[in-house]
Each structure stands twice: as C-alpha cells, then as structure tokens.
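A.B. asks: Below is a structure I'd like to ask you about.
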Amino acid sequence: MPAWLSAIGDEAEAIRAMARALEASWRQARLQAGGQRRNSRASAAIDVIAAHPVISATSLAARLSMSIKAACLLLERFLERGLIVEVTHRSARRLFALRDMEPLQEVVQPRQKTIPGRKRGTPRATGMPEVPPVEDSSVQRDFQPLERWAPDYSELEAAMAEVDLLCRRSQA
C-alpha cells in the first residue's frame with residue numbers, strides 16, 4: 001500500500017509540474033503574441049490553443065468564429081515565432097500544440113507512403129506474413145453457443161410486493 005500511494009503521489013507531482021510548464025508556456029506565448037492590431041484575435045487564439053492539447057486550423061477557426069484561412073495565417077505566424085509546434089508531419093490536416101507539447105512530435109509518426117501502382121485496399125505484395133496451412137485435420141474446434149440467460153426476478157418481485165404492502169399500511 002505505501003508503494004502504491006507513493007507512486008500516486010509521484011504521478012500527481014509529475015502532473016502538477018506539467019501543468020505549471022504548460023501554464024508558463026501559455027503565458028510566454030501570450031506575451032510574445034502581442035504587438036498585434038487592437039482587434040486581433042491572436043491572444044484569443046493562444047488561449048484556445050492552450051486549452052486544447054492539439055488543435056487544427058479548422059477547429060481554431062470554429063472556436064474563434066473566423067475563416068479557416070485566417071486561422072492558418074495565425075498558426076503560421078505562431079510557428080515562425082516559435083510559440084507553437086506542429087505535431088503532425090503532414091502538409092494537410094495539420095495539428096498544432098504549444099511549444100511545451102513538443103514531445104508529441106516524436107510519438108506521432110509520419111504517414112506511410114503509398115506504393116506506386118497499388119490501389120486502395122489491395123494487399124501488399126511483400127512484407128505480409130503468410131499464414132501456414134493447418135497440417136493436422138483431426139483438430140476440431142467445437143464452438144457451441146452459450147446457454148441463453150434467463151433472469152430470475154423472484155427476489156425483486158418479493159421485495160416490491162413488501163414495499164407495496166408497507167406503502168398501503170402507511171397510507172391507512
């Protein structure tokens with residue numbers, strides 16, 4: 001029990017440290033995103049990015065009620081300034097996060113390249129393990145369906161009858 005409680009305490013401390021780092025990153029990004037026009041949504045965009053672990057330009061645009069193109073421009077500007085990082089390794093459907101979420105880049109793997117000439121759904125020519133044929137035909141598998149479950153509500157009905165009887169007595 002003490003080891004388990006110690007592990008939970010360590011995990012809580014790690015989460016607290018991560019939350020502090022994300023808050024510091026959010027504050028730093030918010031300060032560096034300044035210098036915009038009075039009606040700029042850059043600060044609000046940083047707030048939305050900080051509230052979500054990862055976000056796309058479409059989601060950001062929907063949250064801020066702006067066009068997707070404007071959201072893309074904001075995200076590109078933030079990328080250039082180093083305020084955020086791109087988590088995915090793609091040119092379309094990109095996901096972004098605050099700079100302290102950079103370890104996500106290592107976890108997210110780039111999409112596998114398609115094989116030229118291979119159509120969608122066609123199995124790969126190589127690299128797929130072949131299933132060896134079953135040599136022993138005497139092996140039989142007996143698959144029998146489970147018995148149908150028949151619920152027993154007799155105890156519940158007896159308890160409900162007892163409650164009804166008590167209700168009738170109390171009303172009388």
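Residues are referred to by chain and number: the chain letter is A, B, ... according to the order shown in the structure tokens, the number counts from 1 in that chain, and ligands are numbered separately from 1 in the order shown.
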Fewer than 4 positions away in the same chain doesn't count, so skip those; otherwise give me all residues within 9 Å of Leu98 (chain A), counting only C-alpha atoms, as an NGL selection string.

C.D. replies: :A and (22 or 25-26 or 29 or 46 or 49-50 or 53-54 or 83-86 or 102)

A.B. asks: Keeping only C-alpha atoms, write the selected residues to a file as a compact mmCIF listing (two decimals), in the first residue's frame.

C.D. replies:
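Final output, saved to selection.txt:
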```txt
# COMPACT_ATOMS: atom_id res chain seq x y z
CA LEU A 22 2.07 24.42 -19.79
CA SER A 25 4.36 28.25 -21.92
CA TRP A 26 0.88 29.71 -22.32
CA ALA A 29 3.22 32.63 -25.85
CA ILE A 46 -3.25 31.38 -27.93
CA ILE A 49 -4.51 26.50 -28.27
CA ALA A 50 -3.57 26.35 -24.59
CA PRO A 53 -3.81 19.55 -26.21
CA VAL A 54 -3.72 19.64 -30.01
CA LEU A 83 5.24 29.88 -29.96
CA ILE A 84 3.68 26.62 -31.10
CA VAL A 85 4.86 23.42 -32.75
CA GLU A 86 3.37 21.31 -35.48
CA GLU A 102 6.85 19.18 -28.47
```

A.B. asks: Give me the residues near Met66 (chain A) as a ChimeraX atom specification, where near means some atom within 12 Å (using only C-alpha atoms) and where sequence neighbours in that chain fewer than 5 positions away do not count.

C.D. replies: /A:40-42,44-45,57-61,71-74

A.B. asks: Would you write out those residues with all heavy atoms, as a CSV table (one decimal), in the first residue's frame?

C.D. replies:
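Saved result, selection.csv, follows:
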```
chain,number,residue,atom,x,y,z
A,40,SER,N,-7.2,42.2,-33.1
A,40,SER,CA,-6.6,40.9,-33.5
A,40,SER,C,-7.1,39.8,-32.5
A,40,SER,O,-7.3,40.1,-31.4
A,40,SER,CB,-5.0,41.0,-33.4
A,40,SER,OG,-4.5,39.8,-33.6
A,41,ARG,N,-7.2,38.7,-33.1
A,41,ARG,CA,-7.6,37.5,-32.3
A,41,ARG,C,-6.4,36.6,-31.9
A,41,ARG,O,-6.6,35.5,-31.5
A,41,ARG,CB,-8.6,36.7,-33.0
A,41,ARG,CG,-9.9,37.5,-33.3
A,41,ARG,CD,-10.9,36.6,-34.0
A,41,ARG,NE,-12.1,37.4,-34.3
A,41,ARG,CZ,-12.9,37.0,-35.2
A,41,ARG,NH1,-12.8,35.9,-35.9
A,41,ARG,NH2,-14.0,37.8,-35.4
A,42,ALA,N,-5.2,37.2,-31.9
A,42,ALA,CA,-4.0,36.4,-31.6
A,42,ALA,C,-4.0,35.9,-30.2
A,42,ALA,O,-3.7,34.7,-29.9
A,42,ALA,CB,-2.8,37.2,-32.0
A,44,ALA,N,-6.6,35.5,-28.2
A,44,ALA,CA,-7.7,34.5,-28.0
A,44,ALA,C,-7.3,33.2,-28.7
A,44,ALA,O,-7.6,32.1,-28.1
A,44,ALA,CB,-8.9,35.0,-28.7
A,45,ALA,N,-6.5,33.3,-29.8
A,45,ALA,CA,-6.1,32.0,-30.4
A,45,ALA,C,-5.1,31.3,-29.5
A,45,ALA,O,-5.2,30.1,-29.4
A,45,ALA,CB,-5.4,32.3,-31.8
A,57,ALA,N,-6.4,23.9,-37.7
A,57,ALA,CA,-6.8,25.2,-38.1
A,57,ALA,C,-8.3,25.3,-38.2
A,57,ALA,O,-8.9,26.3,-37.9
A,57,ALA,CB,-6.2,25.5,-39.5
A,58,THR,N,-9.0,24.2,-38.6
A,58,THR,CA,-10.4,24.2,-38.7
A,58,THR,C,-11.1,24.4,-37.4
A,58,THR,O,-12.0,25.2,-37.2
A,58,THR,CB,-10.9,22.9,-39.4
A,58,THR,OG1,-10.2,22.7,-40.6
A,58,THR,CG2,-12.4,22.9,-39.6
A,59,SER,N,-10.5,23.7,-36.4
A,59,SER,CA,-11.1,23.8,-35.0
A,59,SER,C,-10.9,25.2,-34.4
A,59,SER,O,-11.7,25.7,-33.8
A,59,SER,CB,-10.5,22.7,-34.1
A,59,SER,OG,-10.8,21.4,-34.6
A,60,LEU,N,-9.7,25.7,-34.7
A,60,LEU,CA,-9.4,27.0,-34.2
A,60,LEU,C,-10.3,28.1,-34.8
A,60,LEU,O,-10.8,29.0,-34.1
A,60,LEU,CB,-7.9,27.4,-34.4
A,60,LEU,CG,-7.4,28.7,-34.0
A,60,LEU,CD1,-7.5,28.8,-32.4
A,60,LEU,CD2,-6.0,29.0,-34.5
A,61,ALA,N,-10.5,27.9,-36.1
A,61,ALA,CA,-11.4,28.9,-36.8
A,61,ALA,C,-12.8,28.8,-36.3
A,61,ALA,O,-13.5,29.8,-36.1
A,61,ALA,CB,-11.4,28.6,-38.3
A,71,ALA,N,-7.2,31.6,-39.7
A,71,ALA,CA,-6.7,30.7,-38.7
A,71,ALA,C,-5.4,30.1,-39.1
A,71,ALA,O,-4.4,30.1,-38.3
A,71,ALA,CB,-7.7,29.6,-38.3
A,72,CYS,N,-5.3,29.7,-40.4
A,72,CYS,CA,-4.0,29.2,-40.9
A,72,CYS,C,-2.9,30.2,-40.8
A,72,CYS,O,-1.8,29.9,-40.5
A,72,CYS,CB,-4.2,28.7,-42.3
A,72,CYS,SG,-5.1,27.1,-42.4
A,73,LEU,N,-3.2,31.5,-41.2
A,73,LEU,CA,-2.3,32.6,-41.1
A,73,LEU,C,-1.8,32.8,-39.7
A,73,LEU,O,-0.6,33.0,-39.5
A,73,LEU,CB,-2.8,33.8,-41.7
A,73,LEU,CG,-3.0,33.9,-43.2
A,73,LEU,CD1,-3.8,35.1,-43.7
A,73,LEU,CD2,-1.7,33.8,-44.0
A,74,LEU,N,-2.7,32.8,-38.8
A,74,LEU,CA,-2.3,33.0,-37.4
A,74,LEU,C,-1.4,31.8,-36.9
A,74,LEU,O,-0.3,32.1,-36.3
A,74,LEU,CB,-3.5,33.0,-36.5
A,74,LEU,CG,-4.2,34.3,-36.1
A,74,LEU,CD1,-5.4,34.1,-35.3
A,74,LEU,CD2,-3.2,35.2,-35.4
```

A.B. asks: How far is it from CA of Glu11 (chain A) to CA of Leu95 (chain A), in Å with one decimal?

C.D. replies: 27.0 Å
